[in-house]
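Everything below concerns the one structure shown next.
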Amino acid sequence: MALLIWILQNFWSLLVLAFASLVGLRIAYRFHKYGATRAELSHILRRSPFYLVVLIFCFFAAAPFMIMFLHSFKVDGDLYRRPQPFVYRQDPTLEHLESLFTNTAYLDFIRNSVVVGVAVVIITLILSLPAAYALARLTGRWGERAGILMFLVYLVPPTLLFIPMFRIVVMLGLKDSPLALIVVYPSFTVPFSMWLLQGFFKAVPPELEEAALVDGYNRVEAFLRVVLPLSLPGIISTIVFTFTLTLHEFIYALVFITNTSRRTLSVGVPTELILGDVYFWQPLLAAALIIAIPVGFAYNLFLDSLVQGFTMGAVKG
Amino acid sequence: MMSLVELQGIKKFFDNVRAVDGIELEIENGEFLVILGPSGCGKTTLMRMIAGLEKPTAGQIFIGGEEVTTLPPRKRGVSMVFQSYALYPHMNVFNNIAFPLKAQSREKKYDKRAIRDKVENTARLLEIDMLLDRRPRQLSGGQRQRVAIARAMVTQPAVLLLDEPLSNLDAKLRANARDELKEFQRSSNITAVFVTHDQIEAMGLGDRIVVMSHGKIQQIGTPQRIYDDPANEFVATFLGSPSMNILRNDVFSFGFRPENFLPKTLADNPENSRIFHYYVKRVEYLGSDRLLYGYVQGHDNELTLAKVPSNVRVSLEVDSDYEFAVHNSDIKFFDKTSGQRITEQNLQEIL
């Protein structure tokens with residue numbers, strides 16, 4: 001505990017120190033490998049502006065997260081004292097973090113979000129995998145038009161749809177239940193995933209499937225044994241994307257569910273931690289940061305295939 | 001006894017395009033049949049219909065005496081080597097070759113060992129047994145082609161379909177691969193249907209050649225028959241490099257191959273030859289041959305080529321006139337409008 005507080009207090013100097021030692025180690029390694037020659041020195045000098053620019057961009061990207069991190073440990077007096085808000089002038093505290101987990105239903109929100117997200121991802125895959133495959137391979141001109149039409153559904157904003165959707169939810173008796181979200185979310189995740197997956201399926205040469213057909217398999221088997229394994233990166237990025245779509249959805253979640261402990265993160269956190277115009281900044285930032293980090297990692301892991309998926313869909317229009 | 005594969009009145013239309021337009025064809029057991037034609041002539045579509053990847057618009061297909069016209073590929077006992085080889089990139093060579101066996105093992109109950117034995121035997125036959133652990137992307141073009149053939153052969157299909165399997169190899173490898181493919185087909189005695197647009201491949205590999213154009217069969221025959229005795233003007237000009245000279249007069253057209261068009265002094269048998277006055281416009285020296293571009297007297301608008309071996313010491317100068325001869329039997333006559341071949345007797349009647 002004391003260590004954490006010490007780290008927080010010396011956050012910026014530790015950051016600079018860690019960075020400097022990394023740079024030092026790297027230079028030492030190069031000197032060790034190539035010898036501490038003039039040429040090597042000039043190589044390092046020549047390359048350093050490039051890394052300096054990279055560093056600036058890294059800082060730019062990471063700064064919001066670092067600030068969120070720092071602020072969530074500040075006591076109120078420190079947080080609101082101006083200027084220079086990014087260092088601690090009073091001892092950091094863990095009380096806000098504790099209150100996030102004890103005084104709010106944060107863990108319930110996480111659980112609800114994960115349950116809804118996983119269920120929606122499964123439903124989405126079940127519906128959009130065959131649909132995307134059919135659009136990529138089995139239909140002619142009309143299929144393509146139908147695909148565009150389905151994608152248009154995605155462009156109708158939830159702000160227009162939430163009232164009719166609410167009536168449907170009430171009719172189904174699902175009000176105040178995460179099931180409502182599980183039923184409604186596929187209305188925008190399915191068209192989107194279908195579009196994304198279609199691009200990946202189109203990238204698999206049709207000859208491979210035909211080879212599987214000639215080799216003695218039927219179309220479903222050819223799909224499962226050849227197309228699916230080859231588009232696995234695409235499917236994984238579709239899963240990540242669909243999951244985050246459900247994670248940050250706000251309006252449906254706000255309208256369909258009023259019981260606090262049944263809410264999801266995207267609604268639960270702002271409604272619990274913003275009361276009127278009173279913002280509980282520290283737990284709010286901590287709540288956002290805790291959920292952002294795993295999602296960020298997942299995105300980065302599949303960033304390349306995600307971008308590929310988008311552009312493939314775009315080009316094939 | 002029915003032929004192994006029989007096509008009856010096969011047609012395939014894509015919208016309004018007649019890709020394949022009425023094909024009658026019998027493929028005999030154990031033969032190497034080449035389907036030859038320019039791109040877009042429907043040869044690949046025809047093969048895909050035999051494989052079951054396309055459904056014919058009209059007509060019937062029989063394999064081994066059974067009608068298979070509407071059966072899916074897996075129920076036809078055929079296998080296919082694709083132009084791109086279509087190896088499964090996510091499987092190693094062993095699993096690529098074992099893939100069709102695993103499909104069959106549901107009915108025939110191959111155990112793991114039987115599959116392993118079969119894959120290894122086939123791989124040994126094609127000399128790829130040391131590559132079984134590799135992924136397709138780690139293989140050279142020639143190796144990929146062998147893996148594709150091994151995968152097609154491992155189930156011992158009734159018919160092996162090959163869709164331009166040599167066109168992705170570079171020129172040096174191609175001659176070698178052609179030889180091996182023919183050797184392999186002969187030793188395994190499999191029935192092969194080979195689609196190509198390359199006449200050298202077709203002449204070198206085929207027991208019989210089917211020449212196709214515009215979705216129709218132009219001629220079926222042995223390579224020699226097709227070359228020496230073309231059924232029509234299309235076949236005559238499609239085969240041979242450079243292609244046959246065609247000259248037209250008021251009643252019919254006639255043609256002769258550049259290699260049969262020689263200076264009169266070289267003709268074996270000048271009495272039975274037809275003599276032309278030939279004006280040489282340009283000479284290309286090709287090493288083994290000289291290729292002459294020029295005009296025959298009376299046909300000033302029809303470029304006529306002659307191919308004279310370099311080792312015959314006849315001086316042939318640009319911008320000069322010579323007497324050239326073609327043996328009468330080397331001149332083919334064609335109908336002026338339909339392009340169909342006219343025999344000499346018929347020609348007399350026309351005249």
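Chain labels follow the order of the structure tokens: the first chain is A, the next B, and so on; residue numbering restarts at 1 in every chain, and ligands are counted from 1 in their shown order.
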
Distance limit 9 Å, atoms considered: only C-alpha atoms. Which chain B residues sit that close to chain A? Return them as a ChimeraX atom specification.
/B:51-53,72-82,84-90,99-104,151-152,155

All residues 12 Å or closer to stretch 228-234 of chain B, only C-alpha atoms, same chain fewer than 3 positions away omitted, as a VMD selection string:
chain B and resid 37 to 38 209 to 214 216 to 225 237 to 240 243 to 248 252 to 257 260 329 to 343

Mind listing the strand (DSSP E) residues of stretch 224-318 of chain B, per DSSP on the backbone, as a VMD selection string?
chain B and resid 245 to 248 252 to 256 262 to 263 273 to 285 289 to 296 299 to 309

Near A:Ser128, counting only C-alpha atoms, which residues have an atom at most 6 Å away, once you skip same-chain residues fewer than 3 positions from it, shown as an NGL selection string?
:A and (124-125 or 131-132 or 190 or 194)

Just the residues within 10 Å of stretch 264-276 of chain B, please, counting only C-alpha atoms, with nothing from its chain fewer than 2 positions along; format it as a VMD selection string.
chain B and resid 260 to 262 278 to 279 295 to 298 308 312 to 314 322 to 331

Residue selection dump (N, CA and C atoms) as a PDB file, in the first residue's frame:
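Ended up saving to selection-v1.pdb:
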ATOM      1  N   ASN B 260       5.747 -25.704 -94.599  1.00  0.00           N
ATOM      2  CA  ASN B 260       5.626 -26.441 -95.858  1.00  0.00           C
ATOM      3  C   ASN B 260       5.800 -25.544 -97.081  1.00  0.00           C
ATOM      4  N   PHE B 261       6.047 -24.302 -96.828  1.00  0.00           N
ATOM      5  CA  PHE B 261       6.141 -23.303 -97.889  1.00  0.00           C
ATOM      6  C   PHE B 261       7.624 -22.988 -98.064  1.00  0.00           C
ATOM      7  N   LEU B 262       8.237 -23.668 -99.072  1.00  0.00           N
ATOM      8  CA  LEU B 262       9.694 -23.625 -99.168  1.00  0.00           C
ATOM      9  C   LEU B 262      10.127 -23.167-100.557  1.00  0.00           C
ATOM     10  N   TYR B 278       6.694 -15.495-104.775  1.00  0.00           N
ATOM     11  CA  TYR B 278       6.665 -14.989-103.402  1.00  0.00           C
ATOM     12  C   TYR B 278       7.593 -13.798-103.284  1.00  0.00           C
ATOM     13  N   TYR B 279       7.026 -12.689-102.817  1.00  0.00           N
ATOM     14  CA  TYR B 279       7.822 -11.481-102.605  1.00  0.00           C
ATOM     15  C   TYR B 279       8.171 -11.398-101.127  1.00  0.00           C
ATOM     16  N   TYR B 295       4.446 -11.595 -99.560  1.00  0.00           N
ATOM     17  CA  TYR B 295       3.160 -11.711-100.237  1.00  0.00           C
ATOM     18  C   TYR B 295       3.282 -12.648-101.410  1.00  0.00           C
ATOM     19  N   VAL B 296       2.216 -13.442-101.609  1.00  0.00           N
ATOM     20  CA  VAL B 296       2.154 -14.323-102.768  1.00  0.00           C
ATOM     21  C   VAL B 296       1.501 -13.544-103.900  1.00  0.00           C
ATOM     22  N   GLN B 297       2.018 -13.729-105.111  1.00  0.00           N
ATOM     23  CA  GLN B 297       1.470 -12.996-106.245  1.00  0.00           C
ATOM     24  C   GLN B 297      -0.024 -13.282-106.389  1.00  0.00           C
ATOM     25  N   GLY B 298      -0.807 -12.253-106.568  1.00  0.00           N
ATOM     26  CA  GLY B 298      -2.253 -12.412-106.678  1.00  0.00           C
ATOM     27  C   GLY B 298      -2.962 -12.282-105.348  1.00  0.00           C
ATOM     28  N   VAL B 308      11.729 -21.257 -93.100  1.00  0.00           N
ATOM     29  CA  VAL B 308      12.758 -22.005 -93.812  1.00  0.00           C
ATOM     30  C   VAL B 308      13.856 -22.352 -92.821  1.00  0.00           C
ATOM     31  N   VAL B 312      19.524 -24.962 -94.265  1.00  0.00           N
ATOM     32  CA  VAL B 312      19.572 -25.106 -95.722  1.00  0.00           C
ATOM     33  C   VAL B 312      20.135 -23.823 -96.308  1.00  0.00           C
ATOM     34  N   ARG B 313      21.161 -24.006 -97.129  1.00  0.00           N
ATOM     35  CA  ARG B 313      21.929 -22.844 -97.575  1.00  0.00           C
ATOM     36  C   ARG B 313      21.293 -22.236 -98.810  1.00  0.00           C
ATOM     37  N   VAL B 314      20.202 -21.557 -98.601  1.00  0.00           N
ATOM     38  CA  VAL B 314      19.583 -20.838 -99.708  1.00  0.00           C
ATOM     39  C   VAL B 314      19.606 -19.378 -99.314  1.00  0.00           C
ATOM     40  N   TYR B 322      10.916 -14.648-105.260  1.00  0.00           N
ATOM     41  CA  TYR B 322      11.415 -16.016-105.398  1.00  0.00           C
ATOM     42  C   TYR B 322      10.283 -16.894-105.859  1.00  0.00           C
ATOM     43  N   GLU B 323      10.655 -18.083-106.324  1.00  0.00           N
ATOM     44  CA  GLU B 323       9.637 -19.095-106.602  1.00  0.00           C
ATOM     45  C   GLU B 323       9.587 -20.029-105.410  1.00  0.00           C
ATOM     46  N   PHE B 324       8.404 -20.135-104.746  1.00  0.00           N
ATOM     47  CA  PHE B 324       8.218 -21.018-103.605  1.00  0.00           C
ATOM     48  C   PHE B 324       7.231 -22.106-103.993  1.00  0.00           C
ATOM     49  N   ALA B 325       7.353 -23.254-103.345  1.00  0.00           N
ATOM     50  CA  ALA B 325       6.487 -24.377-103.700  1.00  0.00           C
ATOM     51  C   ALA B 325       5.854 -24.974-102.452  1.00  0.00           C
ATOM     52  N   VAL B 326       4.611 -25.467-102.592  1.00  0.00           N
ATOM     53  CA  VAL B 326       3.949 -26.227-101.536  1.00  0.00           C
ATOM     54  C   VAL B 326       3.483 -27.530-102.149  1.00  0.00           C
ATOM     55  N   HIS B 327       3.764 -28.627-101.476  1.00  0.00           N
ATOM     56  CA  HIS B 327       3.314 -29.914-101.980  1.00  0.00           C
ATOM     57  C   HIS B 327       1.786 -29.926-101.987  1.00  0.00           C
ATOM     58  N   ASN B 328       1.210 -30.495-103.052  1.00  0.00           N
ATOM     59  CA  ASN B 328      -0.255 -30.463-103.193  1.00  0.00           C
ATOM     60  C   ASN B 328      -0.977 -31.001-101.968  1.00  0.00           C
ATOM     61  N   SER B 329      -0.418 -32.066-101.360  1.00  0.00           N
ATOM     62  CA  SER B 329      -1.116 -32.666-100.221  1.00  0.00           C
ATOM     63  C   SER B 329      -1.061 -31.764 -98.994  1.00  0.00           C
ATOM     64  N   ASP B 330      -0.187 -30.772 -98.999  1.00  0.00           N
ATOM     65  CA  ASP B 330      -0.101 -29.871 -97.853  1.00  0.00           C
ATOM     66  C   ASP B 330      -1.020 -28.665 -97.988  1.00  0.00           C
ATOM     67  N   ILE B 331      -1.736 -28.592 -99.100  1.00  0.00           N
ATOM     68  CA  ILE B 331      -2.670 -27.474 -99.258  1.00  0.00           C
ATOM     69  C   ILE B 331      -4.051 -27.935 -98.825  1.00  0.00           C
TER      70      ILE B 331
END

DSSP helix (DSSP H, G or I) residues within stretch 164-311 of chain B, listed as a PyMOL selection string
chain B and resi 171-188+199-205+223-228+233-238+258-260+264-266+270-272

If we count only C-alpha atoms, what is near stretch 193-207 of chain B at a cut-off of 7 Å, once residues fewer than 5 positions away on the same chain are taken out, given as a ChimeraX atom specification?
/B:31-39,43-44,160-164,182,222-223,239

Please write the residues from the selection above to a file, keeping N, CA and C atoms, as a CSV table (one decimal), in the first residue's frame.
chain,number,residue,atom,x,y,z
B,31,GLU,N,-7.6,-42.9,-70.9
B,31,GLU,CA,-7.0,-41.9,-71.9
B,31,GLU,C,-6.7,-40.6,-71.3
B,32,PHE,N,-5.8,-39.9,-72.0
B,32,PHE,CA,-5.4,-38.6,-71.6
B,32,PHE,C,-6.1,-37.6,-72.6
B,33,LEU,N,-7.1,-37.0,-72.2
B,33,LEU,CA,-7.9,-36.2,-73.2
B,33,LEU,C,-7.6,-34.7,-72.9
B,34,VAL,N,-7.2,-33.9,-73.9
B,34,VAL,CA,-6.9,-32.5,-73.7
B,34,VAL,C,-8.0,-31.7,-74.3
B,35,ILE,N,-8.5,-30.8,-73.6
B,35,ILE,CA,-9.5,-29.8,-74.2
B,35,ILE,C,-8.7,-28.5,-74.4
B,36,LEU,N,-8.6,-28.2,-75.7
B,36,LEU,CA,-7.8,-27.0,-76.1
B,36,LEU,C,-8.7,-26.0,-76.7
B,37,GLY,N,-8.4,-24.7,-76.4
B,37,GLY,CA,-9.1,-23.6,-77.0
B,37,GLY,C,-8.7,-22.3,-76.4
B,38,PRO,N,-9.0,-21.2,-77.1
B,38,PRO,CA,-8.6,-19.9,-76.7
B,38,PRO,C,-9.4,-19.5,-75.4
B,39,SER,N,-8.9,-18.5,-74.7
B,39,SER,CA,-9.6,-18.2,-73.4
B,39,SER,C,-11.0,-17.7,-73.8
B,43,LYS,N,-14.0,-24.0,-72.3
B,43,LYS,CA,-13.4,-25.2,-71.9
B,43,LYS,C,-13.4,-25.4,-70.4
B,44,THR,N,-13.1,-24.4,-69.6
B,44,THR,CA,-13.1,-24.5,-68.2
B,44,THR,C,-14.5,-24.7,-67.7
B,160,LEU,N,-9.6,-37.8,-63.4
B,160,LEU,CA,-8.8,-36.7,-62.9
B,160,LEU,C,-8.9,-35.5,-63.8
B,161,LEU,N,-9.4,-34.4,-63.3
B,161,LEU,CA,-9.6,-33.2,-64.1
B,161,LEU,C,-8.5,-32.2,-63.7
B,162,LEU,N,-7.9,-31.7,-64.8
B,162,LEU,CA,-6.8,-30.8,-64.6
B,162,LEU,C,-7.1,-29.5,-65.3
B,163,ASP,N,-7.2,-28.4,-64.6
B,163,ASP,CA,-7.5,-27.1,-65.1
B,163,ASP,C,-6.2,-26.3,-65.3
B,164,GLU,N,-5.6,-26.3,-66.4
B,164,GLU,CA,-4.4,-25.5,-66.7
B,164,GLU,C,-3.4,-25.6,-65.5
B,182,LYS,N,2.7,-36.7,-67.8
B,182,LYS,CA,2.4,-37.8,-68.7
B,182,LYS,C,2.8,-39.1,-68.3
B,222,THR,N,-6.5,-37.2,-82.7
B,222,THR,CA,-5.2,-37.3,-82.1
B,222,THR,C,-4.4,-36.0,-82.5
B,223,PRO,N,-3.3,-35.7,-81.8
B,223,PRO,CA,-2.6,-34.5,-82.1
B,223,PRO,C,-2.2,-34.4,-83.5
B,239,LEU,N,-3.9,-24.0,-84.4
B,239,LEU,CA,-2.7,-24.8,-84.1
B,239,LEU,C,-1.6,-24.5,-85.0

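By only C-alpha atoms, and with residues fewer than 6 positions from B:Met130 along its chain excluded, the set lying at most 10 Å from it is Val93, Glu120, Ala123 and Arg124 of chain B.
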
Emit the selected residues as a short mmCIF file (atom, residue, chain, number, x, y, z; two decimals), in the first residue's frame, including C-alpha atoms.
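Okay, this is what ended up in again-v7.cif:
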data_model
loop_
_atom_site.label_atom_id
_atom_site.label_comp_id
_atom_site.auth_asym_id
_atom_site.auth_seq_id
_atom_site.Cartn_x
_atom_site.Cartn_y
_atom_site.Cartn_z
CA VAL B 93 0.97 -30.91 -46.90
CA GLU B 120 2.67 -41.45 -47.75
CA ALA B 123 3.55 -38.53 -51.70
CA ARG B 124 6.37 -40.95 -52.45
#

Restrict the calculation to only C-alpha atoms, then for each residue of stretch 85-157 of chain A with any atom at most 12 Å from an atom of stretch 11-32 of chain A give the closest atom pair and their distance in Å to one decimal, rows by chain and rising residue number, as JSON lines.
{"residue": "A:Phe86", "atom": "CA", "partner": "A:Trp12", "partner_atom": "CA", "distance": 9.0}
{"residue": "A:Val87", "atom": "CA", "partner": "A:Trp12", "partner_atom": "CA", "distance": 8.1}
{"residue": "A:Tyr88", "atom": "CA", "partner": "A:Phe11", "partner_atom": "CA", "distance": 9.3}
{"residue": "A:Pro92", "atom": "CA", "partner": "A:Phe11", "partner_atom": "CA", "distance": 11.3}

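Of the listed residues (B:Asp319, B:Glu284, B:Glu24, B:Asp170), B:Glu24 comes nearest to B:Gly215; the distances count only C-alpha atoms.
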
Closest of A:Ile56, A:Arg89, A:Pro270, A:His43 to A:Asn10, counting only C-alpha atoms, is A:Arg89
